[in-house]
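Written below as structure tokens is the structure these notes are about.
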Amino acid sequence: MKYSSALVLLVCAILFAGCLPTAQIPSPPPITTEMPATTEAPTTTEAPATTEVPATTEAFATTEATTTTEAPVTAEAPETTEAPETTEAPETTEAPETTEAPMVVEEPLDLTTTVFLTFDDGPCRGNTEEVLRILAEYNIHATFFTVGRYVDRYPDLARDIVAGGHMLACHSYSHDYPSIYVSADTILADISRWENAVLGALGELPRERIYRFPGGTTNSLLDGNPLYPSLLTAVLNAGYRPYDWVLATNDRYFGDKRPEQTMEEYFFATLKYTLVVADRNPTLPRVMLMHDTSADTVATLPAILDYLIERGYTFATLDKLEDPYIFRPLQ
């Protein structure tokens, strides 16, 4: 019985020992085959987590946002430079107004085709007004060598001369040769009286000082007069440019008029003769002497202007000349 019990126990032990290996054999495979937990390629090679291409390539998204998508903000040329407003040359430079060559820089006058109309001894009520009306119709400007005592008498005519765009010039105050040509002081005093008359009529003196000796520089009291150089010097030092003439109609001197000639025929004969003389001297300015105190000049003036215009002459005032012109310049 004892042995039977022992035997039973022995058999049970053997059986237990045989069963143990059998139960433990399957346990290693789970450890070995649990490679998925160890290697877990998805965990180890988690390319999406490691490389995260979307996160890595976000650099392109960043640079693209700066260079590509934000380009409209960076390079908005129309808002930044606004070239059309900045370079609007017509508004900024206004070349036609600043350059205006005809107004600021005038072309040199062609002395062979320019006539400087001058009228002496006025202003004269009636005649001067008619001369101004005719010149306005032709759109021609002239130089009026006025006598101061008549400016005092007709200040409105002096104003009309300037208002018409003409040049107001000095032809003495008294036009009295013996009192003017005594000395440098007497000629300057006479000019001063003329200036006072003009100031009374206009309130200011002409911007250019132009002078004509009464009778011209070859009149009887100056021709051969030893005082002439001092008189001329006094006029020049007072800032005046003196002018005699080249063309004329002789509307005050009729010694050469033939009895059969009308006044108009005589005027044209004189004018044509002086034009021929001028053509021989192309450097002389075509300064033309007439008198607005002459009713005959008023009557023939339109025909004279038509004659000159048909021959291609244009007209200007004496302030357009820089140099004086006189018969007897100082040596």
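Each chain of the structure tokens is named A, B, ... in the order shown, its residues numbered from 1; ligands are numbered from 1 in display order.
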I need the residues in region 220-258 of chain A that are helix (DSSP H, G or I) according to DSSP; give them as a PyMOL selection string.
chain A and resi 228-237
May I have the residues within 10 Å of Pro123 (chain A) as number ranges by chain, using only C-alpha atoms and disregarding those fewer than 6 positions away in the same chain?
A: 129, 144-158, 161, 291-293
Serialized selection, N, CA and C atoms, as a short mmCIF file (atom, residue, chain, number, x, y, z; two decimals), in the first residue's frame:
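That gives us part-v2.cif:
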data_model
loop_
_atom_site.label_atom_id
_atom_site.label_comp_id
_atom_site.auth_asym_id
_atom_site.auth_seq_id
_atom_site.Cartn_x
_atom_site.Cartn_y
_atom_site.Cartn_z
N GLU A 129 -5.24 159.59 -82.61
CA GLU A 129 -6.30 158.60 -82.41
C GLU A 129 -6.55 157.80 -83.68
N PHE A 144 6.23 155.86 -80.71
CA PHE A 144 5.75 157.24 -80.75
C PHE A 144 6.74 158.13 -79.99
N PHE A 145 7.43 158.98 -80.73
CA PHE A 145 8.34 159.95 -80.11
C PHE A 145 7.52 161.18 -79.71
N THR A 146 7.19 161.22 -78.44
CA THR A 146 6.24 162.22 -77.96
C THR A 146 6.95 163.47 -77.43
N VAL A 147 6.23 164.57 -77.51
CA VAL A 147 6.68 165.85 -76.97
C VAL A 147 5.98 166.06 -75.62
N GLY A 148 6.78 166.35 -74.59
CA GLY A 148 6.24 166.38 -73.23
C GLY A 148 5.09 167.35 -73.02
N ARG A 149 5.14 168.50 -73.65
CA ARG A 149 4.08 169.49 -73.43
C ARG A 149 2.76 169.01 -74.02
N TYR A 150 2.82 168.14 -75.03
CA TYR A 150 1.57 167.58 -75.55
C TYR A 150 1.11 166.37 -74.72
N VAL A 151 2.05 165.71 -74.07
CA VAL A 151 1.67 164.66 -73.12
C VAL A 151 0.93 165.30 -71.94
N ASP A 152 1.42 166.45 -71.49
CA ASP A 152 0.71 167.18 -70.44
C ASP A 152 -0.70 167.58 -70.91
N ARG A 153 -0.82 167.95 -72.17
CA ARG A 153 -2.10 168.41 -72.69
C ARG A 153 -3.06 167.26 -72.95
N TYR A 154 -2.52 166.12 -73.44
CA TYR A 154 -3.37 164.99 -73.79
C TYR A 154 -2.88 163.71 -73.09
N PRO A 155 -2.97 163.65 -71.78
CA PRO A 155 -2.48 162.45 -71.08
C PRO A 155 -3.25 161.19 -71.47
N ASP A 156 -4.51 161.33 -71.86
CA ASP A 156 -5.28 160.15 -72.26
C ASP A 156 -4.71 159.52 -73.53
N LEU A 157 -4.18 160.37 -74.44
CA LEU A 157 -3.59 159.81 -75.66
C LEU A 157 -2.29 159.08 -75.36
N ALA A 158 -1.52 159.59 -74.40
CA ALA A 158 -0.31 158.87 -73.99
C ALA A 158 -0.67 157.51 -73.42
N ILE A 161 -1.64 155.16 -76.26
CA ILE A 161 -0.46 154.65 -76.98
C ILE A 161 0.09 153.41 -76.28
N HIS A 291 4.98 161.54 -89.02
CA HIS A 291 4.47 162.42 -87.97
C HIS A 291 2.97 162.20 -87.78
N ASP A 292 2.59 161.92 -86.53
CA ASP A 292 1.16 161.75 -86.29
C ASP A 292 0.46 163.09 -86.10
N THR A 293 1.17 164.18 -86.36
CA THR A 293 0.55 165.51 -86.42
C THR A 293 0.10 165.85 -87.84
#
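Distance annotation: of A:Leu275, A:Met167, A:Val298, A:Ala303, the residue with the minimal separation from Thr114 (chain A) is A:Leu275; atom set is only C-alpha atoms.
Every protein, DNA or RNA residue with an atom at most 8 Å from region 176-191 of chain A, where only C-alpha atoms count and chain neighbours fewer than 6 positions away do not, is listed here: Cys170, Pro214, Leu221, Leu222, Leu227, Ser230, Leu231, Ala234, Val235 and Ala238 of chain A.
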Any chance you could tabulate, as JSON lines, the residues of region 106-214 of chain A at most 12 Å from region 248-268 of chain A with each one's nearest atom pair and distance in Å to one decimal, using only C-alpha atoms, in chain and rising number order?
{"residue": "A:Val115", "atom": "CA", "partner": "A:Ala248", "partner_atom": "CA", "distance": 11.1}
{"residue": "A:Phe116", "atom": "CA", "partner": "A:Ala248", "partner_atom": "CA", "distance": 11.0}
{"residue": "A:Leu117", "atom": "CA", "partner": "A:Ala248", "partner_atom": "CA", "distance": 9.6}
{"residue": "A:Thr118", "atom": "CA", "partner": "A:Ala248", "partner_atom": "CA", "distance": 9.7}
{"residue": "A:Phe119", "atom": "CA", "partner": "A:Ala248", "partner_atom": "CA", "distance": 10.6}
{"residue": "A:Asp120", "atom": "CA", "partner": "A:Arg252", "partner_atom": "CA", "distance": 10.4}
{"residue": "A:Asp121", "atom": "CA", "partner": "A:Arg252", "partner_atom": "CA", "distance": 10.9}
For the residues in that selection, give me N, CA, C and O atoms as an mmCIF file, in the first residue's frame.
data_model
loop_
_atom_site.group_PDB
_atom_site.id
_atom_site.type_symbol
_atom_site.label_atom_id
_atom_site.label_comp_id
_atom_site.auth_asym_id
_atom_site.auth_seq_id
_atom_site.Cartn_x
_atom_site.Cartn_y
_atom_site.Cartn_z
ATOM 1 N N VAL A 115 10.605 146.746 -90.534
ATOM 2 C CA VAL A 115 10.440 148.205 -90.538
ATOM 3 C C VAL A 115 10.032 148.646 -89.140
ATOM 4 O O VAL A 115 9.122 148.067 -88.529
ATOM 5 N N PHE A 116 10.719 149.653 -88.631
ATOM 6 C CA PHE A 116 10.408 150.230 -87.327
ATOM 7 C C PHE A 116 9.658 151.547 -87.552
ATOM 8 O O PHE A 116 10.272 152.595 -87.780
ATOM 9 N N LEU A 117 8.350 151.470 -87.543
ATOM 10 C CA LEU A 117 7.532 152.661 -87.748
ATOM 11 C C LEU A 117 7.691 153.611 -86.555
ATOM 12 O O LEU A 117 7.584 153.186 -85.398
ATOM 13 N N THR A 118 7.932 154.889 -86.812
ATOM 14 C CA THR A 118 8.012 155.887 -85.745
ATOM 15 C C THR A 118 7.189 157.113 -86.137
ATOM 16 O O THR A 118 7.169 157.512 -87.308
ATOM 17 N N PHE A 119 6.522 157.674 -85.135
ATOM 18 C CA PHE A 119 5.691 158.864 -85.331
ATOM 19 C C PHE A 119 6.158 159.936 -84.361
ATOM 20 O O PHE A 119 6.200 159.717 -83.146
ATOM 21 N N ASP A 120 6.489 161.110 -84.900
ATOM 22 C CA ASP A 120 7.048 162.205 -84.099
ATOM 23 C C ASP A 120 6.017 163.302 -83.803
ATOM 24 O O ASP A 120 5.016 163.452 -84.506
ATOM 25 N N ASP A 121 6.353 164.054 -82.748
ATOM 26 C CA ASP A 121 5.768 165.366 -82.418
ATOM 27 C C ASP A 121 4.403 165.321 -81.733
ATOM 28 O O ASP A 121 3.860 166.375 -81.388
#
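Computed from the coordinates, the CA of Val287 (chain A) to CA of Gly200 (chain A) distance equals 28.7 Å.
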